[in-house]
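Accompanying notes for the structure given below.
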Amino acid sequence: MTSPQHDPEGDAAMARSAIDAYLTNRARYWERAAQQTKAADALAVYRAARNRLARWKNEGVVDDWVASAVVEAAEQDAARIGREAAAARTGPALHATAVRHTEAIRRWLGTHGHGLGDNPSEEA
């Protein structure tokens, strides 16, 4: 059995999109938390999240814990898609696509030197 050809450009596009979505959602979450609570610690975390997103957008740099969190989120999405689509005819195909996307993200992050540990610890 031969392994499928990997498309480095496709891997990069999927990984970049997933990282951008993850960091954008985190910044929005902490922005809302800071606005709602007016807490200094929430504001500090929001600023850190916003800076992390800017660093990613401007320099293409992402921390290892973010890389691990992005892969974990992709894996959770693939599992959710598998559960939700199990009864549908397209369920297995949707799940397989989500798994391939997760593998592409993992490959791309791996080629960029990210150690993808099991328990990433988030730092503000």
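Chain labels A, B, ... are given in the sequence in which chains occur in the structure tokens; within each chain residues are numbered consecutively from 1, and ligands are likewise numbered from 1 in the order shown.
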Contact table range 93-113 of chain A vs range 16-23 of chain A, cut-off 12 Å, shortest pair per residue, only C-alpha atoms, as a tab-separated table:
```
residue	atom	partner	partner_atom	distance
A:His101	CA	A:Ala18	CA	9.6
A:Thr102	CA	A:Ala18	CA	9.5
A:Ala104	CA	A:Arg16	CA	10.6
A:Ile105	CA	A:Ala18	CA	7.8
A:Arg106	CA	A:Ala18	CA	10.8
A:Trp108	CA	A:Arg16	CA	9.0
A:Leu109	CA	A:Arg16	CA	9.3
A:His112	CA	A:Arg16	CA	11.8
```
Could you write those residues out with N, CA, C and O atoms, as a short mmCIF file (atom, residue, chain, number, x, y, z; two decimals), in the first residue's frame?
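Dumped to out_1.cif:
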```cif
data_model
loop_
_atom_site.label_atom_id
_atom_site.label_comp_id
_atom_site.auth_asym_id
_atom_site.auth_seq_id
_atom_site.Cartn_x
_atom_site.Cartn_y
_atom_site.Cartn_z
N HIS A 101 -6.94 16.79 7.75
CA HIS A 101 -6.60 18.19 8.07
C HIS A 101 -5.76 18.26 9.34
O HIS A 101 -4.78 19.00 9.40
N THR A 102 -6.14 17.48 10.34
CA THR A 102 -5.38 17.44 11.59
C THR A 102 -3.96 16.96 11.33
O THR A 102 -3.00 17.54 11.84
N ALA A 104 -2.30 17.19 8.55
CA ALA A 104 -1.60 18.24 7.80
C ALA A 104 -1.12 19.34 8.72
O ALA A 104 0.02 19.82 8.60
N ILE A 105 -1.97 19.74 9.66
CA ILE A 105 -1.58 20.77 10.63
C ILE A 105 -0.40 20.28 11.45
O ILE A 105 0.59 21.00 11.64
N ARG A 106 -0.49 19.06 11.93
CA ARG A 106 0.59 18.48 12.75
C ARG A 106 1.90 18.42 11.94
O ARG A 106 2.96 18.75 12.44
N TRP A 108 2.85 20.26 9.32
CA TRP A 108 3.39 21.59 9.06
C TRP A 108 4.03 22.16 10.32
O TRP A 108 5.13 22.69 10.26
N LEU A 109 3.35 22.03 11.44
CA LEU A 109 3.92 22.54 12.69
C LEU A 109 5.20 21.79 13.04
O LEU A 109 6.16 22.38 13.52
N HIS A 112 8.17 23.00 11.31
CA HIS A 112 8.59 24.32 11.79
C HIS A 112 9.10 24.26 13.22
O HIS A 112 9.14 25.27 13.92
#
```
Practice task
Show which residues sit within 10 Å of range 38-54 of chain A, as a PyMOL selection string. Count only C-alpha atoms, and ignore same-chain residues fewer than 4 positions away.
Solution key: chain A and resi 19-34+58-63+66+123-124
Practice task
Report the distance between CA of Gly82 in chain A and CA of Asp11 in chain A in Å, rounded to one decimal place.
Solution key: 21.1 Å
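What separates CA of Glu103 in chain A from CA of Gln76 in chain A is a distance of 12.6 Å.
The nearest approach to Ala67 in chain A among the residues A:Thr37, A:Thr97, A:Gln5, A:Thr111, with only C-alpha atoms taken into account, belongs to A:Thr111.
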Exercise for the section: Just list the residues in chain A DSSP gives helix (DSSP H, G or I) on the backbone, as a PyMOL selection string. Expected result: chain A and resi 8-37+40-59+64-84+91-111
Handout entry: Distance criterion (only C-alpha atoms): nearest to His114 in chain A out of A:Asp7, A:Met14, A:Ile81, A:Asp64
Key = A:Asp64
